[in-house]
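Enquirer: What follows is query_37.pdb, PDB, C-alpha atoms and all ligand atoms.
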ATOM      1  CA  MET A  21       5.749  91.490 -90.079  1.00  0.00           C
ATOM      2  CA  HIS A  22       2.984  89.481 -91.671  1.00  0.00           C
ATOM      3  CA  GLU A  23       0.462  91.673 -89.876  1.00  0.00           C
ATOM      4  CA  LEU A  24       1.067  94.365 -92.498  1.00  0.00           C
ATOM      5  CA  ALA A  25       0.037  92.093 -95.370  1.00  0.00           C
ATOM      6  CA  ILE A  26      -2.912  90.793 -93.366  1.00  0.00           C
ATOM      7  CA  THR A  27      -4.061  94.319 -92.628  1.00  0.00           C
ATOM      8  CA  GLN A  28      -3.867  95.254 -96.314  1.00  0.00           C
ATOM      9  CA  ASP A  29      -5.926  92.218 -97.297  1.00  0.00           C
ATOM     10  CA  MET A  30      -8.432  92.943 -94.578  1.00  0.00           C
ATOM     11  CA  ILE A  31      -8.867  96.561 -95.638  1.00  0.00           C
ATOM     12  CA  GLU A  32      -9.447  95.488 -99.248  1.00  0.00           C
ATOM     13  CA  LEU A  33     -12.036  92.963 -98.153  1.00  0.00           C
ATOM     14  CA  VAL A  34     -13.845  95.398 -95.888  1.00  0.00           C
ATOM     15  CA  ARG A  35     -13.800  98.076 -98.586  1.00  0.00           C
ATOM     16  CA  GLU A  36     -15.431  95.675-101.029  1.00  0.00           C
ATOM     17  CA  HIS A  37     -18.161  94.727 -98.551  1.00  0.00           C
ATOM     18  CA  ALA A  38     -18.745  98.320 -97.508  1.00  0.00           C
ATOM     19  CA  GLU A  39     -19.107  99.467-101.119  1.00  0.00           C
ATOM     20  CA  LYS A  40     -21.569  96.681-101.870  1.00  0.00           C
ATOM     21  CA  ALA A  41     -23.601  97.657 -98.824  1.00  0.00           C
ATOM     22  CA  GLY A  42     -23.532 101.320 -99.837  1.00  0.00           C
ATOM     23  CA  ALA A  43     -21.955 102.154 -96.510  1.00  0.00           C
ATOM     24  CA  ARG A  44     -21.067 105.673 -95.514  1.00  0.00           C
ATOM     25  CA  LYS A  45     -18.978 104.559 -92.636  1.00  0.00           C
ATOM     26  CA  VAL A  46     -17.608 101.354 -91.179  1.00  0.00           C
ATOM     27  CA  GLY A  47     -18.250 101.144 -87.461  1.00  0.00           C
ATOM     28  CA  ARG A  48     -16.786  97.844 -86.437  1.00  0.00           C
ATOM     29  CA  ILE A  49     -14.839  94.985 -87.927  1.00  0.00           C
ATOM     30  CA  ASN A  50     -15.104  91.646 -86.178  1.00  0.00           C
ATOM     31  CA  LEU A  51     -12.164  89.330 -86.745  1.00  0.00           C
ATOM     32  CA  VAL A  52     -11.732  85.700 -85.827  1.00  0.00           C
ATOM     33  CA  VAL A  53      -8.161  84.796 -85.027  1.00  0.00           C
ATOM     34  CA  GLY A  54      -6.710  81.376 -84.238  1.00  0.00           C
ATOM     35  CA  GLU A  55      -4.167  81.177 -81.479  1.00  0.00           C
ATOM     36  CA  LEU A  56      -1.666  79.406 -83.744  1.00  0.00           C
ATOM     37  CA  THR A  57      -1.490  82.270 -86.213  1.00  0.00           C
ATOM     38  CA  GLY A  58       0.657  84.265 -83.792  1.00  0.00           C
ATOM     39  CA  PHE A  59      -1.393  87.232 -84.862  1.00  0.00           C
ATOM     40  CA  VAL A  60      -0.787  90.383 -82.830  1.00  0.00           C
ATOM     41  CA  GLY A  61      -3.951  92.438 -82.608  1.00  0.00           C
ATOM     42  CA  GLU A  62      -2.162  95.583 -81.494  1.00  0.00           C
ATOM     43  CA  CYS A  63       0.056  95.555 -84.589  1.00  0.00           C
ATOM     44  CA  VAL A  64      -2.956  95.230 -86.829  1.00  0.00           C
ATOM     45  CA  GLN A  65      -4.753  98.049 -85.066  1.00  0.00           C
ATOM     46  CA  PHE A  66      -1.648 100.208 -85.514  1.00  0.00           C
ATOM     47  CA  TYR A  67      -1.353  99.539 -89.256  1.00  0.00           C
ATOM     48  CA  PHE A  68      -5.080  99.791 -89.682  1.00  0.00           C
ATOM     49  CA  ASP A  69      -5.236 103.242 -88.097  1.00  0.00           C
ATOM     50  CA  HIS A  70      -2.495 104.499 -90.392  1.00  0.00           C
ATOM     51  CA  MET A  71      -3.773 102.927 -93.575  1.00  0.00           C
ATOM     52  CA  THR A  72      -7.379 103.986 -93.277  1.00  0.00           C
ATOM     53  CA  LYS A  73      -6.939 107.697 -92.608  1.00  0.00           C
ATOM     54  CA  GLY A  74      -9.382 109.650 -94.744  1.00  0.00           C
ATOM     55  CA  THR A  75     -11.410 106.572 -95.724  1.00  0.00           C
ATOM     56  CA  ILE A  76     -14.810 105.376 -94.541  1.00  0.00           C
ATOM     57  CA  MET A  77     -12.953 102.982 -92.240  1.00  0.00           C
ATOM     58  CA  GLU A  78     -11.099 105.745 -90.460  1.00  0.00           C
ATOM     59  CA  ASP A  79     -12.797 105.403 -87.086  1.00  0.00           C
ATOM     60  CA  ALA A  80     -13.673 101.741 -87.273  1.00  0.00           C
ATOM     61  CA  GLU A  81     -13.120  99.647 -84.221  1.00  0.00           C
ATOM     62  CA  LEU A  82     -11.435  96.262 -84.569  1.00  0.00           C
ATOM     63  CA  THR A  83     -12.502  93.398 -82.367  1.00  0.00           C
ATOM     64  CA  PHE A  84     -10.699  90.093 -82.145  1.00  0.00           C
ATOM     65  CA  LYS A  85     -12.204  86.763 -81.214  1.00  0.00           C
ATOM     66  CA  THR A  86      -9.474  84.325 -80.328  1.00  0.00           C
ATOM     67  CA  ILE A  87      -9.898  80.656 -81.146  1.00  0.00           C
ATOM     68  CA  PRO A  88      -7.844  78.330 -78.959  1.00  0.00           C
ATOM     69  CA  THR A  89      -5.715  75.624 -80.515  1.00  0.00           C
ATOM     70  CA  THR A  90      -8.029  72.652 -80.776  1.00  0.00           C
ATOM     71  CA  GLY A  91      -7.268  69.050 -81.669  1.00  0.00           C
ATOM     72  CA  ARG A  92      -9.457  66.077 -82.428  1.00  0.00           C
ATOM     73  CA  CYS A  93      -8.338  62.604 -81.547  1.00  0.00           C
ATOM     74  CA  ARG A  94      -8.279  60.226 -84.517  1.00  0.00           C
ATOM     75  CA  GLU A  95      -8.789  57.259 -82.192  1.00  0.00           C
ATOM     76  CA  CYS A  96     -11.723  58.335 -80.034  1.00  0.00           C
ATOM     77  CA  SER A  97     -12.885  61.537 -81.787  1.00  0.00           C
ATOM     78  CA  LYS A  98     -12.592  63.614 -78.649  1.00  0.00           C
ATOM     79  CA  GLU A  99     -12.049  67.319 -79.234  1.00  0.00           C
ATOM     80  CA  PHE A 100      -9.880  69.160 -76.759  1.00  0.00           C
ATOM     81  CA  GLU A 101      -7.928  72.340 -76.290  1.00  0.00           C
ATOM     82  CA  VAL A 102      -4.222  71.869 -76.914  1.00  0.00           C
ATOM     83  CA  LYS A 103      -2.226  73.431 -74.124  1.00  0.00           C
ATOM     84  CA  GLU A 104       1.497  74.066 -74.290  1.00  0.00           C
ATOM     85  CA  MET A 105       1.660  72.114 -77.524  1.00  0.00           C
ATOM     86  CA  ASP A 106       0.813  68.867 -75.786  1.00  0.00           C
ATOM     87  CA  TRP A 107      -0.696  66.862 -78.625  1.00  0.00           C
ATOM     88  CA  THR A 108      -1.904  63.937 -76.551  1.00  0.00           C
ATOM     89  CA  CYS A 109      -5.525  62.944 -76.251  1.00  0.00           C
ATOM     90  CA  PRO A 110      -6.656  63.554 -72.649  1.00  0.00           C
ATOM     91  CA  SER A 111      -9.116  60.709 -72.909  1.00  0.00           C
ATOM     92  CA  CYS A 112      -7.256  57.797 -74.532  1.00  0.00           C
ATOM     93  CA  LYS A 113      -3.670  59.143 -74.568  1.00  0.00           C
ATOM     94  CA  SER A 114      -3.356  58.667 -78.294  1.00  0.00           C
ATOM     95  CA  SER A 115      -0.971  61.020 -80.059  1.00  0.00           C
ATOM     96  CA  SER A 116      -2.756  60.759 -83.380  1.00  0.00           C
ATOM     97  CA  ILE A 117      -4.353  64.184 -83.297  1.00  0.00           C
ATOM     98  CA  GLU A 118      -5.841  66.227 -86.064  1.00  0.00           C
ATOM     99  CA  LEU A 119      -5.788  70.021 -85.877  1.00  0.00           C
ATOM    100  CA  VAL A 120      -9.352  71.391 -86.001  1.00  0.00           C
ATOM    101  CA  GLY A 121      -8.955  74.896 -84.630  1.00  0.00           C
ATOM    102  CA  GLY A 122      -6.342  77.565 -84.107  1.00  0.00           C
ATOM    103  CA  ASN A 123      -5.376  78.401 -87.688  1.00  0.00           C
ATOM    104  CA  GLU A 124      -8.345  80.654 -88.360  1.00  0.00           C
ATOM    105  CA  LEU A 125      -7.907  84.162 -89.569  1.00  0.00           C
ATOM    106  CA  PHE A 126     -10.835  85.850 -91.210  1.00  0.00           C
ATOM    107  CA  VAL A 127     -13.268  88.721 -91.070  1.00  0.00           C
ATOM    108  CA  GLU A 128     -16.391  87.398 -89.382  1.00  0.00           C
ATOM    109  CA  SER A 129     -18.543  90.443 -89.974  1.00  0.00           C
ATOM    110  CA  ILE A 130     -18.473  94.168 -90.390  1.00  0.00           C
ATOM    111  CA  GLU A 131     -20.903  96.728 -89.080  1.00  0.00           C
ATOM    112  CA  VAL A 132     -21.610  99.704 -91.288  1.00  0.00           C
ATOM    113  CA  GLU A 133     -23.675 102.835 -91.172  1.00  0.00           C
ATOM    114  CA  GLU A 134     -25.711 103.033 -94.332  1.00  0.00           C
ATOM    115  CA  HIS A 135     -27.698 106.200 -94.003  1.00  0.00           C
ATOM    116  CA  GLY A 136     -27.533 109.798 -92.926  1.00  0.00           C
ATOM    117  CA  ASN A 137     -25.479 110.621 -89.892  1.00  0.00           C
ATOM    118  CA  LYS A 138     -22.062 111.547 -91.147  1.00  0.00           C
ATOM    119  CA  GLY A 139     -20.788 111.378 -87.600  1.00  0.00           C
ATOM    120  CA  SER A 140     -19.201 114.081 -85.539  1.00  0.00           C
TER
HETATM  121 ZN    ZN A 201      -8.507  59.839 -77.860  1.00  0.00          ZN
END
Would it be possible to restate this file's structure as structure tokens?
Ligand SMILES: [Zn+2]
Expert:
Amino acid sequence: MHELAITQDMIELVREHAEKAGARKVGRINLVVGELTGFVGECVQFYFDHMTKGTIMEDAELTFKTIPTTGRCRECSKEFEVKEMDWTCPSCKSSSIELVGGNELFVESIEVEEHGNKGS
């Protein structure tokens, strides 16, 4: 259930940003999520909805951008998408591969409403 801890961290982070921006309301939170994190967006949305009741994030929408697992060959520097955990370079067949994408998990941006309009 690491989604719960992630959601808590995310809410803290968004709250900090929103306060700095003088936001009245958070409209959207854009997250970048690597495939390898095993992160379940629906779980996060579920926790998020419960944990933000009565806050400026209450009606915020979460969007998830998924980053595929990506490797870079140490022999020929080719970058490629790793499918079914096949860590072999498609170009030179080397198995000396460095992970360059897929472990990401961060808040890319948030969209806030700064003025007026308290919403419906
Ligand atoms: Zn290669």
Enquirer: Please identify all protein, DNA and RNA residues within 9 Å of ligand ZN 201 (chain A), counting only C-alpha atoms and all ligand atoms, and report them as a list in words.
Expert: Arg92, Cys93, Arg94, Glu95, Cys96, Ser97, Lys98, Glu99, Thr108, Cys109, Pro110, Ser111, Cys112, Lys113, Ser114, Ser115, Ser116 and Ile117 of chain A
Enquirer: Could you dump the residues just selected with C-alpha atoms as a tab-separated table (two decimals), in the coordinates of the input?
Expert:
chain	number	residue	atom	x	y	z
A	92	ARG	CA	-9.46	66.08	-82.43
A	93	CYS	CA	-8.34	62.60	-81.55
A	94	ARG	CA	-8.28	60.23	-84.52
A	95	GLU	CA	-8.79	57.26	-82.19
A	96	CYS	CA	-11.72	58.34	-80.03
A	97	SER	CA	-12.88	61.54	-81.79
A	98	LYS	CA	-12.59	63.61	-78.65
A	99	GLU	CA	-12.05	67.32	-79.23
A	108	THR	CA	-1.90	63.94	-76.55
A	109	CYS	CA	-5.52	62.94	-76.25
A	110	PRO	CA	-6.66	63.55	-72.65
A	111	SER	CA	-9.12	60.71	-72.91
A	112	CYS	CA	-7.26	57.80	-74.53
A	113	LYS	CA	-3.67	59.14	-74.57
A	114	SER	CA	-3.36	58.67	-78.29
A	115	SER	CA	-0.97	61.02	-80.06
A	116	SER	CA	-2.76	60.76	-83.38
A	117	ILE	CA	-4.35	64.18	-83.30
Enquirer: List as a list in words the protein and nucleic acid residues near Val127 of chain A, meaning an atom at most 9 Å away when only C-alpha atoms are counted, but skip any in the same chain fewer than 4 places from it.
Expert: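 Residues meeting the cut-off are Met30, Leu33, Val34, Ile49, Asn50, Leu51, Val52 and Val53 of chain A.
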Enquirer: Those same residues - C-alpha atoms - I'd like them written as a PDB file, in the coordinates of the input.
Expert:
ATOM      1  CA  MET A  30      -8.432  92.943 -94.578  1.00  0.00           C
ATOM      2  CA  LEU A  33     -12.036  92.963 -98.153  1.00  0.00           C
ATOM      3  CA  VAL A  34     -13.845  95.398 -95.888  1.00  0.00           C
ATOM      4  CA  ILE A  49     -14.839  94.985 -87.927  1.00  0.00           C
ATOM      5  CA  ASN A  50     -15.104  91.646 -86.178  1.00  0.00           C
ATOM      6  CA  LEU A  51     -12.164  89.330 -86.745  1.00  0.00           C
ATOM      7  CA  VAL A  52     -11.732  85.700 -85.827  1.00  0.00           C
ATOM      8  CA  VAL A  53      -8.161  84.796 -85.027  1.00  0.00           C
TER       9      VAL A  53
END
Enquirer: Which residues are near Asp69 of chain A? Cut-off 9 Å, all atoms listed in the file, ignore same chain within fewer than 6 positions. Put them as a PyMOL selection string.
Expert: chain A and resi 77-80
Enquirer: Can you work out the spacing between atom CA of Leu56 of chain A and atom CA of Leu119 of chain A in Å, to one decimal?
Expert: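 Atom CA of Leu119 of chain A lies 10.5 Å from atom CA of Leu56 of chain A.
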Enquirer: Please indicate the distance in Å from atom CA of Glu124 of chain A to atom CA of Val46 of chain A, rounded to one decimal place.
Expert: 22.9 Å
Enquirer: Near His22 of chain A, counting only C-alpha atoms, which residues have an atom at most 10 Å away, once you skip same-chain residues fewer than 6 positions from it, shown as number ranges by chain?
Expert: A: 58-60, 63-64
Enquirer: Taking all atoms listed in the file into account, which of A:Ala25, A:Ala43, A:Ile87, A:Met105 comes nearest Gly122 of chain A?
Expert: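 Looking at the shortest contact to Gly122 of chain A, the residue is A:Ile87.
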Enquirer: Let me have the centre and edge lengths in Å, one decimal, of the box along x, y and z around every listed atom of segment 59-72 of chain A with 8 Å of margin on each side, as JSON.
Expert:
{"center_x": -3.7, "center_y": 95.9, "center_z": -87.5, "size_x": 23.4, "size_y": 33.3, "size_z": 28.1}
Enquirer: Would you work out the distance separating atom CA of Glu39 of chain A from atom CA of Phe126 of chain A, expressed in Å to one decimal?
Expert: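 Atom-to-atom, atom CA of Glu39 of chain A to atom CA of Phe126 of chain A, that is 18.8 Å.
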Enquirer: Evaluated on this file, the PyMOL selection byres (((chain A and resi 65) around 10) and not hetatm) picks out some residues - which ones are they, written as a list in words?
Expert: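 So the PyMOL selection byres (((chain A and resi 65) around 10) and not hetatm), applied here, picks out Glu23, Thr27, Val60, Gly61, Glu62, Cys63, Val64, Phe66, Tyr67, Phe68, Asp69, His70, Met71, Ala80, Glu81, Leu82 and Thr83 of chain A.
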Enquirer: Measuring atom to atom with all atoms listed in the file, identify which of A:Thr75, A:Ser129, A:Pro88, A:Glu118 is nearest to Arg44 of chain A.
Expert: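 Among the listed residues, the smallest separation from Arg44 of chain A belongs to A:Thr75.
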Enquirer: With only C-alpha atoms as the basis for distance, which of A:Gly91, A:Phe100, A:Lys85, A:Asp106 is at the shortest distance from Gly54 of chain A?
Expert: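 Of A:Gly91, A:Phe100, A:Lys85, A:Asp106, the one nearest Gly54 of chain A, counting only C-alpha atoms, is A:Lys85.
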Enquirer: For Arg48 of chain A, which residue among A:Glu104, A:Gly74, A:Asp29, A:Phe84 is the nearest when counting all atoms listed in the file?
Expert: A:Phe84
Enquirer: Can you put all heavy atoms back into segment 112-123 of chain A and show it as a short mmCIF file (atom, residue, chain, number, x, y, z; two decimals), in the frame of the given file?
Expert:
data_model
loop_
_atom_site.label_atom_id
_atom_site.label_comp_id
_atom_site.auth_asym_id
_atom_site.auth_seq_id
_atom_site.Cartn_x
_atom_site.Cartn_y
_atom_site.Cartn_z
N CYS A 112 -7.82 59.13 -74.27
CA CYS A 112 -7.26 57.80 -74.53
C CYS A 112 -5.74 57.81 -74.69
O CYS A 112 -5.13 56.79 -74.95
CB CYS A 112 -7.91 57.17 -75.76
SG CYS A 112 -7.39 57.93 -77.32
N LYS A 113 -5.13 59.00 -74.52
CA LYS A 113 -3.67 59.14 -74.57
C LYS A 113 -3.05 58.89 -75.95
O LYS A 113 -1.85 58.75 -76.09
CB LYS A 113 -2.96 58.25 -73.52
CG LYS A 113 -3.46 58.42 -72.11
CD LYS A 113 -3.21 59.81 -71.59
CE LYS A 113 -3.85 60.02 -70.22
NZ LYS A 113 -4.04 61.45 -69.92
N SER A 114 -3.88 58.82 -76.95
CA SER A 114 -3.36 58.67 -78.29
C SER A 114 -2.63 59.94 -78.70
O SER A 114 -2.96 61.04 -78.24
CB SER A 114 -4.50 58.40 -79.27
OG SER A 114 -4.05 58.60 -80.60
N SER A 115 -1.64 59.81 -79.57
CA SER A 115 -0.97 61.02 -80.06
C SER A 115 -1.29 61.24 -81.53
O SER A 115 -0.64 62.01 -82.22
CB SER A 115 0.53 60.94 -79.83
OG SER A 115 1.04 59.78 -80.40
N SER A 116 -2.31 60.55 -82.01
CA SER A 116 -2.76 60.76 -83.38
C SER A 116 -3.86 61.80 -83.38
O SER A 116 -5.05 61.51 -83.26
CB SER A 116 -3.27 59.43 -83.95
OG SER A 116 -3.71 59.63 -85.27
N ILE A 117 -3.43 63.06 -83.47
CA ILE A 117 -4.35 64.18 -83.30
C ILE A 117 -4.43 65.02 -84.57
O ILE A 117 -3.42 65.32 -85.20
CB ILE A 117 -3.89 65.11 -82.14
CG1 ILE A 117 -3.59 64.30 -80.86
CG2 ILE A 117 -4.91 66.21 -81.88
CD1 ILE A 117 -4.76 63.56 -80.28
N GLU A 118 -5.62 65.39 -84.89
CA GLU A 118 -5.84 66.23 -86.06
C GLU A 118 -6.13 67.65 -85.58
O GLU A 118 -6.88 67.84 -84.62
CB GLU A 118 -7.07 65.63 -86.77
CG GLU A 118 -7.49 66.30 -88.03
CD GLU A 118 -8.80 65.70 -88.53
OE1 GLU A 118 -9.34 64.76 -87.87
OE2 GLU A 118 -9.31 66.18 -89.55
N LEU A 119 -5.55 68.63 -86.25
CA LEU A 119 -5.79 70.02 -85.88
C LEU A 119 -7.16 70.46 -86.41
O LEU A 119 -7.42 70.37 -87.61
CB LEU A 119 -4.69 70.91 -86.47
CG LEU A 119 -4.84 72.41 -86.24
CD1 LEU A 119 -4.63 72.76 -84.78
CD2 LEU A 119 -3.86 73.18 -87.12
N VAL A 120 -8.03 70.93 -85.54
CA VAL A 120 -9.35 71.39 -86.00
C VAL A 120 -9.61 72.86 -85.68
O VAL A 120 -10.60 73.43 -86.12
CB VAL A 120 -10.51 70.52 -85.45
CG1 VAL A 120 -10.46 69.12 -86.02
CG2 VAL A 120 -10.51 70.49 -83.93
N GLY A 121 -8.75 73.48 -84.93
CA GLY A 121 -8.96 74.90 -84.63
C GLY A 121 -7.66 75.56 -84.21
O GLY A 121 -6.78 74.90 -83.66
N GLY A 122 -7.53 76.83 -84.53
CA GLY A 122 -6.34 77.56 -84.11
C GLY A 122 -5.63 78.23 -85.28
O GLY A 122 -4.80 79.10 -85.08
N ASN A 123 -5.98 77.81 -86.49
CA ASN A 123 -5.38 78.40 -87.69
C ASN A 123 -6.26 79.44 -88.36
O ASN A 123 -5.92 79.95 -89.41
CB ASN A 123 -5.10 77.30 -88.72
CG ASN A 123 -3.66 76.82 -88.63
OD1 ASN A 123 -2.78 77.58 -88.24
ND2 ASN A 123 -3.43 75.58 -88.99
#
